[in-house]
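final.txt follows (compact mmCIF, C-alpha atoms):
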```txt
# COMPACT_ATOMS: atom_id res chain seq x y z
CA MET A 1 0.00 0.00 0.00
CA PRO A 2 1.30 3.52 -0.77
CA MET A 3 2.19 5.60 2.26
CA PRO A 4 -0.50 8.08 3.31
CA GLU A 5 0.46 11.73 3.28
CA TYR A 6 -0.91 12.51 6.74
CA VAL A 7 -1.46 10.65 10.01
CA SER A 8 -3.36 11.67 13.12
CA LEU A 9 -1.41 10.97 16.33
CA ASN A 10 -3.60 11.43 19.40
CA GLY A 11 -5.60 13.99 17.43
CA GLU A 12 -2.64 15.94 16.02
CA ILE A 13 -2.32 15.78 12.23
CA VAL A 14 1.28 15.28 11.13
CA ARG A 15 2.99 14.24 7.95
CA ALA A 16 3.24 10.45 7.70
CA ASP A 17 7.02 10.56 7.25
CA ALA A 18 7.26 12.46 10.54
CA ALA A 19 5.03 10.11 12.54
CA ARG A 20 7.21 8.18 14.96
CA VAL A 21 6.60 5.52 17.61
CA CYS A 22 9.27 4.57 20.15
CA VAL A 23 10.97 1.24 19.44
CA LEU A 24 10.46 0.38 23.13
CA THR A 25 6.69 0.22 22.72
CA PRO A 26 5.34 -3.07 24.12
CA ALA A 27 3.32 -3.36 20.93
CA LEU A 28 6.53 -4.27 19.07
CA LEU A 29 7.60 -7.19 21.28
CA TYR A 30 4.34 -8.24 22.92
CA SER A 31 1.66 -7.20 20.36
CA PHE A 32 0.19 -4.98 23.07
CA GLY A 33 -2.19 -2.97 20.95
CA VAL A 34 -5.53 -3.04 19.18
CA TYR A 35 -6.74 -1.78 15.84
CA GLU A 36 -9.75 -1.19 13.59
CA SER A 37 -10.30 -0.86 9.85
CA VAL A 38 -13.19 1.37 8.83
CA ARG A 39 -14.58 1.65 5.32
CA VAL A 40 -14.99 5.25 4.14
CA GLU A 41 -17.12 6.00 1.09
CA ARG A 42 -18.26 9.43 -0.11
CA GLY A 43 -16.66 10.81 3.03
CA VAL A 44 -18.83 8.65 5.30
CA ALA A 45 -17.11 6.36 7.80
CA PHE A 46 -19.39 3.30 7.72
CA HIS A 47 -20.66 2.46 11.23
CA LEU A 48 -17.76 4.33 12.83
CA ASP A 49 -19.42 4.23 16.27
CA ASP A 50 -19.60 0.43 16.16
CA HIS A 51 -15.93 0.22 15.23
CA LEU A 52 -14.99 2.57 18.07
CA ARG A 53 -17.04 0.54 20.55
CA ARG A 54 -15.20 -2.58 19.41
CA LEU A 55 -11.86 -0.76 19.70
CA ALA A 56 -12.70 0.12 23.30
CA GLY A 57 -13.90 -3.43 23.97
CA SER A 58 -10.72 -4.93 22.54
CA ALA A 59 -8.62 -2.53 24.60
CA ALA A 60 -10.52 -3.46 27.77
CA LEU A 61 -9.97 -7.18 27.13
CA ILE A 62 -6.19 -6.73 27.17
CA GLU A 63 -6.29 -3.95 29.81
CA LEU A 64 -4.94 -1.32 27.43
CA GLU A 65 -5.74 2.27 28.34
CA LEU A 66 -6.74 4.34 25.33
CA PRO A 67 -5.35 7.90 25.10
CA ALA A 68 -8.88 9.31 24.82
CA PRO A 69 -12.50 8.12 25.05
CA PRO A 70 -13.89 6.48 21.88
CA GLU A 71 -16.06 9.49 21.03
CA VAL A 72 -13.00 11.76 21.14
CA ILE A 73 -11.03 9.39 18.92
CA GLY A 74 -14.03 9.47 16.56
CA SER A 75 -13.84 13.27 16.46
CA TRP A 76 -10.34 13.01 14.96
CA VAL A 77 -11.59 11.22 11.85
CA GLN A 78 -13.22 13.96 9.77
CA PRO A 79 -10.43 16.54 10.28
CA LEU A 80 -7.91 13.94 9.08
CA LEU A 81 -9.99 13.03 6.04
CA ALA A 82 -10.55 16.69 5.20
CA HIS A 83 -6.87 17.55 5.64
CA SER A 84 -5.90 14.58 3.46
CA GLY A 85 -8.54 15.36 0.82
CA VAL A 86 -9.78 11.76 1.03
CA THR A 87 -13.40 10.65 0.57
CA HIS A 88 -12.86 6.96 -0.25
CA CYS A 89 -10.41 4.83 1.73
CA LEU A 90 -9.85 2.19 4.35
CA LEU A 91 -9.29 4.12 7.57
CA ARG A 92 -6.87 2.43 9.96
CA ILE A 93 -7.13 3.10 13.69
CA LEU A 94 -4.23 1.78 15.77
CA ALA A 95 -3.94 2.04 19.55
CA LEU A 96 -0.59 1.16 21.16
CA GLY A 97 0.35 0.64 24.78
CA PRO A 98 2.48 3.20 26.64
CA THR A 99 6.27 3.32 26.66
CA PRO A 100 8.38 4.48 29.63
CA GLY A 101 7.72 8.19 30.09
CA ASN A 102 5.00 8.30 27.43
CA GLY A 103 1.33 7.49 27.48
CA PRO A 104 -0.63 5.34 25.03
CA VAL A 105 -0.81 6.37 21.39
CA CYS A 106 -3.69 6.23 18.93
CA ALA A 107 -2.81 6.68 15.26
CA LEU A 108 -5.26 7.11 12.40
CA TRP A 109 -4.45 7.07 8.71
CA PRO A 110 -6.25 6.54 5.39
CA GLN A 111 -5.01 3.96 2.94
CA GLU A 112 -6.08 2.61 -0.42
CA PRO A 113 -9.00 0.19 0.05
CA PRO A 114 -8.67 -3.34 -1.30
CA HIS A 115 -10.43 -3.98 -4.60
CA TYR A 116 -12.56 -7.07 -5.15
CA PRO A 117 -13.58 -7.55 -8.81
CA PRO A 118 -17.30 -8.15 -9.55
CA VAL A 119 -16.47 -11.63 -10.87
CA LEU A 120 -15.72 -12.75 -7.31
CA TYR A 121 -19.29 -11.90 -6.30
CA GLU A 122 -20.72 -13.53 -9.40
CA GLN A 123 -18.75 -16.79 -9.21
CA GLY A 124 -17.65 -16.97 -5.58
CA VAL A 125 -14.18 -17.56 -4.17
CA GLU A 126 -12.15 -20.50 -2.92
CA LEU A 127 -10.98 -20.87 0.68
CA ILE A 128 -8.57 -23.22 2.39
CA THR A 129 -8.61 -24.55 5.96
CA VAL A 130 -5.81 -23.97 8.47
CA GLU A 131 -5.66 -25.48 11.95
CA GLY A 132 -5.41 -22.84 14.67
CA VAL A 133 -7.29 -20.43 16.90
CA ARG A 134 -6.46 -16.86 17.81
CA TYR A 135 -5.63 -15.96 21.40
CA LEU A 136 -8.48 -13.90 22.90
CA PRO A 137 -10.50 -14.12 19.67
CA GLN A 138 -12.95 -11.39 20.72
CA ALA A 139 -10.13 -8.84 20.84
CA LYS A 140 -8.96 -7.23 17.60
CA SER A 141 -5.41 -7.16 18.90
CA LEU A 142 -2.06 -6.89 17.15
CA ASN A 143 -1.44 -10.58 17.87
CA THR A 144 -2.16 -11.54 14.26
CA LEU A 145 0.73 -13.84 13.34
CA LEU A 146 -1.63 -16.81 12.91
CA ASN A 147 -3.84 -14.72 10.62
CA PHE A 148 -0.85 -13.55 8.58
CA LEU A 149 0.56 -17.04 8.12
CA ALA A 150 -2.86 -18.46 7.24
CA ARG A 151 -3.49 -15.78 4.62
CA ARG A 152 0.01 -16.27 3.21
CA GLU A 153 -0.69 -19.99 2.85
CA ALA A 154 -3.99 -19.22 1.12
CA SER A 155 -2.15 -16.96 -1.31
CA ARG A 156 0.44 -19.65 -2.02
CA ARG A 157 -2.33 -22.12 -2.82
CA GLY A 158 -4.21 -19.69 -5.04
CA ALA A 159 -7.11 -19.26 -2.61
CA HIS A 160 -8.82 -16.05 -1.56
CA GLU A 161 -8.88 -16.60 2.21
CA ALA A 162 -8.06 -19.13 4.94
CA LEU A 163 -10.52 -20.56 7.45
CA LEU A 164 -9.31 -21.22 10.98
CA HIS A 165 -10.55 -24.34 12.73
CA GLN A 166 -10.12 -26.24 15.99
CA GLY A 167 -10.38 -29.89 15.11
CA ASP A 168 -13.78 -30.28 13.47
CA ARG A 169 -15.08 -26.82 14.40
CA ILE A 170 -14.62 -23.86 12.07
CA THR A 171 -14.43 -20.57 13.92
CA GLU A 172 -13.64 -17.73 11.51
CA GLY A 173 -11.65 -16.59 8.53
CA ALA A 174 -8.16 -15.18 8.91
CA SER A 175 -9.62 -11.75 8.03
CA SER A 176 -13.35 -12.44 7.90
CA ASN A 177 -16.33 -14.11 9.53
CA PHE A 178 -17.61 -17.35 8.02
CA PHE A 179 -21.16 -18.57 7.39
CA VAL A 180 -22.69 -21.67 5.86
CA VAL A 181 -26.23 -22.51 4.80
CA GLN A 182 -27.25 -25.93 6.05
CA GLU A 183 -30.72 -27.46 6.14
CA GLY A 184 -32.31 -24.15 5.21
CA ARG A 185 -30.68 -22.02 7.91
CA VAL A 186 -27.55 -19.91 8.24
CA LEU A 187 -24.90 -21.20 10.64
CA THR A 188 -21.97 -19.23 12.04
CA ALA A 189 -19.73 -19.65 15.07
CA PRO A 190 -21.02 -17.91 18.22
CA VAL A 191 -19.69 -14.49 19.09
CA GLU A 192 -17.64 -15.73 22.07
CA MET A 193 -15.50 -17.85 19.68
CA VAL A 194 -14.74 -15.20 17.06
CA LEU A 195 -13.91 -11.58 16.44
CA PRO A 196 -17.34 -9.91 16.58
CA GLY A 197 -17.24 -8.37 13.13
CA VAL A 198 -19.23 -5.18 12.53
CA THR A 199 -20.39 -6.53 9.17
CA ARG A 200 -21.15 -9.90 10.79
CA ALA A 201 -23.48 -8.24 13.29
CA LEU A 202 -25.22 -6.25 10.56
CA VAL A 203 -25.73 -9.33 8.37
CA LEU A 204 -27.19 -11.29 11.28
CA ARG A 205 -29.54 -8.43 12.14
CA LEU A 206 -30.66 -7.94 8.54
CA ALA A 207 -31.12 -11.69 8.07
CA ARG A 208 -33.34 -11.96 11.12
CA GLN A 209 -35.39 -8.98 9.94
CA ALA A 210 -35.88 -10.83 6.64
CA SER A 211 -37.06 -13.95 8.57
CA ILE A 212 -33.98 -15.94 7.58
CA LEU A 213 -33.27 -18.59 10.21
CA ILE A 214 -29.97 -18.09 12.05
CA GLU A 215 -28.15 -20.53 14.32
CA GLU A 216 -24.99 -19.47 16.10
CA ARG A 217 -22.96 -22.65 16.35
CA PRO A 218 -19.68 -23.48 14.64
CA PRO A 219 -19.95 -25.15 11.22
CA LEU A 220 -18.34 -28.60 11.25
CA LEU A 221 -15.86 -29.79 8.66
CA SER A 222 -17.33 -33.28 9.02
CA ALA A 223 -20.71 -31.88 7.90
CA ARG A 224 -19.46 -30.07 4.80
CA ALA A 225 -21.33 -32.49 2.52
CA MET A 226 -24.49 -30.97 4.02
CA TRP A 227 -23.50 -27.38 3.28
CA GLN A 228 -25.71 -25.87 0.61
CA GLU A 229 -23.89 -22.53 0.45
CA ALA A 230 -21.17 -20.55 2.20
CA PHE A 231 -20.04 -16.93 2.39
CA ILE A 232 -17.73 -14.64 4.32
CA THR A 233 -18.20 -11.11 5.59
CA SER A 234 -15.78 -8.31 6.40
CA THR A 235 -15.56 -4.53 6.34
CA SER A 236 -14.13 -4.36 2.83
CA ARG A 237 -15.68 -7.49 1.29
CA LYS A 238 -19.20 -6.90 2.69
CA VAL A 239 -20.90 -10.25 1.77
CA LEU A 240 -18.71 -12.43 -0.46
CA PRO A 241 -19.82 -15.89 -1.71
CA VAL A 242 -17.66 -18.98 -1.17
CA THR A 243 -18.04 -21.73 -3.76
CA ARG A 244 -14.96 -23.91 -3.15
CA LEU A 245 -13.14 -25.13 -0.06
CA ASP A 246 -9.81 -26.96 -0.16
CA GLY A 247 -10.24 -27.67 -3.86
CA GLN A 248 -13.77 -29.09 -3.55
CA PRO A 249 -17.07 -27.39 -4.41
CA VAL A 250 -19.34 -26.08 -1.69
CA GLY A 251 -22.86 -27.30 -2.46
CA ASP A 252 -23.23 -27.29 -6.23
CA GLY A 253 -20.26 -24.96 -6.62
CA ARG A 254 -22.39 -21.95 -7.49
CA VAL A 255 -23.56 -18.86 -5.62
CA GLY A 256 -26.79 -19.93 -3.94
CA PRO A 257 -30.11 -18.15 -3.29
CA PHE A 258 -29.54 -17.46 0.43
CA THR A 259 -26.21 -15.79 -0.29
CA ARG A 260 -27.60 -13.78 -3.20
CA ARG A 261 -30.51 -12.60 -1.06
CA LEU A 262 -28.22 -11.50 1.76
CA MET A 263 -25.91 -9.77 -0.71
CA ASP A 264 -28.90 -7.82 -2.07
CA ILE A 265 -30.25 -7.00 1.40
CA PHE A 266 -26.86 -5.76 2.59
CA ALA A 267 -26.27 -3.76 -0.61
CA THR A 268 -29.62 -1.99 -0.14
CA TYR A 269 -28.84 -1.22 3.49
CA ASP A 270 -25.36 -0.01 2.54
CA ARG A 271 -26.71 2.40 -0.10
CA GLN A 272 -29.33 3.78 2.28
CA TYR A 273 -26.82 4.22 5.11
CA LEU A 274 -24.33 6.08 2.93
CA ALA A 275 -27.06 8.26 1.40
CA SER A 276 -28.54 9.25 4.75
CA HIS A 277 -25.17 9.97 6.36
CA SER A 278 -23.88 11.85 3.30
CA GLU A 279 -26.77 14.25 3.75
CA LYS A 280 -25.75 14.84 7.35
```
Rewritten as structure tokens:
Amino acid sequence: MPMPEYVSLNGEIVRADAARVCVLTPALLYSFGVYESVRVERGVAFHLDDHLRRLAGSAALIELELPAPPEVIGSWVQPLLAHSGVTHCLLRILALGPTPGNGPVCALWPQEPPHYPPVLYEQGVELITVEGVRYLPQAKSLNTLLNFLARREASRRGAHEALLHQGDRITEGASSNFFVVQEGRVLTAPVEMVLPGVTRALVLRLARQASILIEERPPLLSARAMWQEAFITSTSRKVLPVTRLDGQPVGDGRVGPFTRRLMDIFATYDRQYLASHSEK
């Protein structure tokens, strides 16, 4: 990713090449930090409040003091976007633990958002499975080595994403939440086993409003022959169909009706949210 021109450090906008963090930060050796990635479109930070609540929740789980309350951190966003002249980006929010003589640091910067071609949504993507589970999965912490290695393995094998599993139980994607359709209902691992994705929560809420049956229990690898469909969700991907897993088709290998319906429902909600908040 190209380097951003400006970064906000505890609310102060500085040039990115002048933004410095002490090498003694415990984030470097112990991964003592938390982060968020927020989609910005047309100048609107999508569900920023939910991301900030999760940032605060992640920080509380590892007993990391933030440099400011979440609502104050949120107030730093629009000045940074305006100063950078950015209306479409992936906004990174990074909170690091204190170093000797210095308090905690929260850095914000815009970066180029990932691009997912329309063909991926039309034909679906392939995933692989990787054994492993994140430490404190409900915290979006900097302890992401497992995620990095799993995604690197997926890239090596020509897959889009890696699924993490404990034995027979699938928990989540390396950078996404995972869902399957089985026996006419949507299954996904319960929130206490996974990172509680902002998009995950929205999809579950919208699905229930549309009278789609939801069951929060981990999909089982041993039951994959029963899967009719699968999809993943994330901030940047929104709702992305999965049609192959470990080289084998999921269901009939095509994007199914449940997934298409949820893609349409989420797309409608997304358009309405951006339109209403753009007006504000």
Sorted per-residue table, region 100-176 of chain A near region 43-67 of chain A, closest atoms and distance, 10 Å, all atoms listed in the file, as a Markdown table:
```
| residue | atom | partner | partner_atom | distance |
| --- | --- | --- | --- | --- |
| A:Gly103 | CA | A:Pro67 | CA | 7.1 |
| A:Pro104 | CA | A:Pro67 | CA | 5.4 |
| A:Val105 | CA | A:Pro67 | CA | 6.1 |
| A:Cys106 | CA | A:Pro67 | CA | 6.6 |
| A:Leu136 | CA | A:Leu61 | CA | 8.1 |
| A:Pro137 | CA | A:Ser58 | CA | 9.6 |
| A:Gln138 | CA | A:Ser58 | CA | 7.1 |
| A:Ala139 | CA | A:Ser58 | CA | 4.3 |
| A:Lys140 | CA | A:Ser58 | CA | 5.7 |
| A:Ser141 | CA | A:Ser58 | CA | 6.8 |
```
Counting all atoms listed in the file, which residues in region 56-103 of chain A sit no more than 12 Å from region 230-241 of chain A? For each one, give the nearest pair of atoms and the distance in Å, sorted by chain then residue number, as a Markdown table.
```
| residue | atom | partner | partner_atom | distance |
| --- | --- | --- | --- | --- |
| A:His88 | CA | A:Ser236 | CA | 11.8 |
| A:Cys89 | CA | A:Ser236 | CA | 10.0 |
| A:Leu90 | CA | A:Ser236 | CA | 8.0 |
| A:Leu91 | CA | A:Thr235 | CA | 10.8 |
| A:Arg92 | CA | A:Thr235 | CA | 11.7 |
```
Practice task
Rank A:Leu245, A:Val133, A:Val119, A:Leu187 by their smallest atom-to-atom distance to Gly158 (chain A), using all atoms listed in the file, and report the top residue only.
Solution key: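 Between A:Leu245, A:Val133, A:Val119, A:Leu187, the residue approaching Gly158 (chain A) most closely is A:Leu245.
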Practice task
Take CA of Leu274 (chain A) and CA of Ala107 (chain A) and report the distance between them in Å, one decimal.
Solution key: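 CA of Ala107 (chain A) lies at a distance of 24.8 Å from CA of Leu274 (chain A).
Remark: for Phe148 (chain A), the closest of the candidate residues A:Ser175, A:Ser84, A:Gln123, A:Thr259 is A:Ser175 (distances computed over all atoms listed in the file).
Computed from the coordinates, the CA of Glu216 (chain A) to CA of Pro190 (chain A) distance equals 4.8 Å.
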Exercise for the section: Write out as a ChimeraX atom specification the residues lying within 10 Å of Arg244 (chain A), counting only C-alpha atoms and excluding same-chain residues fewer than 5 positions away. Expected result: /A:124-128,159,229-230,249-254
Could those residues be written to a file, using C-alpha atoms, as a PDB file, keeping the file's coordinate frame?
```
ATOM      1  CA  GLY A 124     -17.650 -16.970  -5.580  1.00  0.00           C
ATOM      2  CA  VAL A 125     -14.180 -17.560  -4.170  1.00  0.00           C
ATOM      3  CA  GLU A 126     -12.150 -20.500  -2.920  1.00  0.00           C
ATOM      4  CA  LEU A 127     -10.980 -20.870   0.680  1.00  0.00           C
ATOM      5  CA  ILE A 128      -8.570 -23.220   2.390  1.00  0.00           C
ATOM      6  CA  ALA A 159      -7.110 -19.260  -2.610  1.00  0.00           C
ATOM      7  CA  GLU A 229     -23.890 -22.530   0.450  1.00  0.00           C
ATOM      8  CA  ALA A 230     -21.170 -20.550   2.200  1.00  0.00           C
ATOM      9  CA  PRO A 249     -17.070 -27.390  -4.410  1.00  0.00           C
ATOM     10  CA  VAL A 250     -19.340 -26.080  -1.690  1.00  0.00           C
ATOM     11  CA  GLY A 251     -22.860 -27.300  -2.460  1.00  0.00           C
ATOM     12  CA  ASP A 252     -23.230 -27.290  -6.230  1.00  0.00           C
ATOM     13  CA  GLY A 253     -20.260 -24.960  -6.620  1.00  0.00           C
ATOM     14  CA  ARG A 254     -22.390 -21.950  -7.490  1.00  0.00           C
TER      15      ARG A 254
END
```
Exercise for the section: Work out how far apart CA of Pro219 (chain A) and CA of Leu120 (chain A) are and give it in Å to one decimal. Expected result: 22.7 Å
Report as an mmCIF file with C-alpha atoms, in the coordinates of the input all protein, DNA and RNA residues lying within 12 Å of Arg205 (chain A), evaluated on all atoms listed in the file, omitting residues in the same chain fewer than 5 positions from it.
```cif
data_model
loop_
_atom_site.group_PDB
_atom_site.id
_atom_site.type_symbol
_atom_site.label_atom_id
_atom_site.label_comp_id
_atom_site.auth_asym_id
_atom_site.auth_seq_id
_atom_site.Cartn_x
_atom_site.Cartn_y
_atom_site.Cartn_z
ATOM 1 C CA VAL A 198 -19.230 -5.180 12.530
ATOM 2 C CA THR A 199 -20.390 -6.530 9.170
ATOM 3 C CA ARG A 200 -21.150 -9.900 10.790
ATOM 4 C CA ALA A 210 -35.880 -10.830 6.640
ATOM 5 C CA SER A 211 -37.060 -13.950 8.570
ATOM 6 C CA ILE A 212 -33.980 -15.940 7.580
ATOM 7 C CA LEU A 213 -33.270 -18.590 10.210
ATOM 8 C CA ILE A 214 -29.970 -18.090 12.050
ATOM 9 C CA LEU A 262 -28.220 -11.500 1.760
ATOM 10 C CA ILE A 265 -30.250 -7.000 1.400
ATOM 11 C CA PHE A 266 -26.860 -5.760 2.590
ATOM 12 C CA TYR A 269 -28.840 -1.220 3.490
#
```
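When only C-alpha atoms are used to compute distances to Ala225 (chain A), the closest of the residues A:Trp109, A:Gln182, A:Val203, A:Thr171 turns out to be A:Gln182.
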Exercise for the section: Kindly indicate which residue among A:Leu206, A:Leu221, A:Ile170, A:Ala189 lies nearest to Arg261 (chain A), using all atoms listed in the file for the distances. Expected result: A:Leu206
With 6 Å added on each side, what axis-aligned box encloses every listed atom of region 170-173 of chain A? Give the centre and edge lengths in Å to one decimal, as JSON.
```
{"center_x": -13.1, "center_y": -20.2, "center_z": 11.2, "size_x": 15.0, "size_y": 19.3, "size_z": 17.4}
```
Exercise for the section: Have a look at A:Ala201, A:Leu24, A:Ala207, A:Val242 and name the one nearest to Gly101 (chain A); count only C-alpha atoms. Expected result: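 Selected residue with least distance to Gly101 (chain A): A:Leu24.
Of the listed residues (A:Pro70, A:Gly173, A:Pro218, A:Pro110), A:Pro110 comes nearest to Thr87 (chain A); the distances count only C-alpha atoms.
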Exercise for the section: Within 10 Å of Val86 (chain A), counting only C-alpha atoms, which residues show up once you throw out same-chain ones fewer than 5 positions away? Write them as an MDAnalysis selection string, please. Expected result: chainID A and resid 40:43 78 80:81 110:112
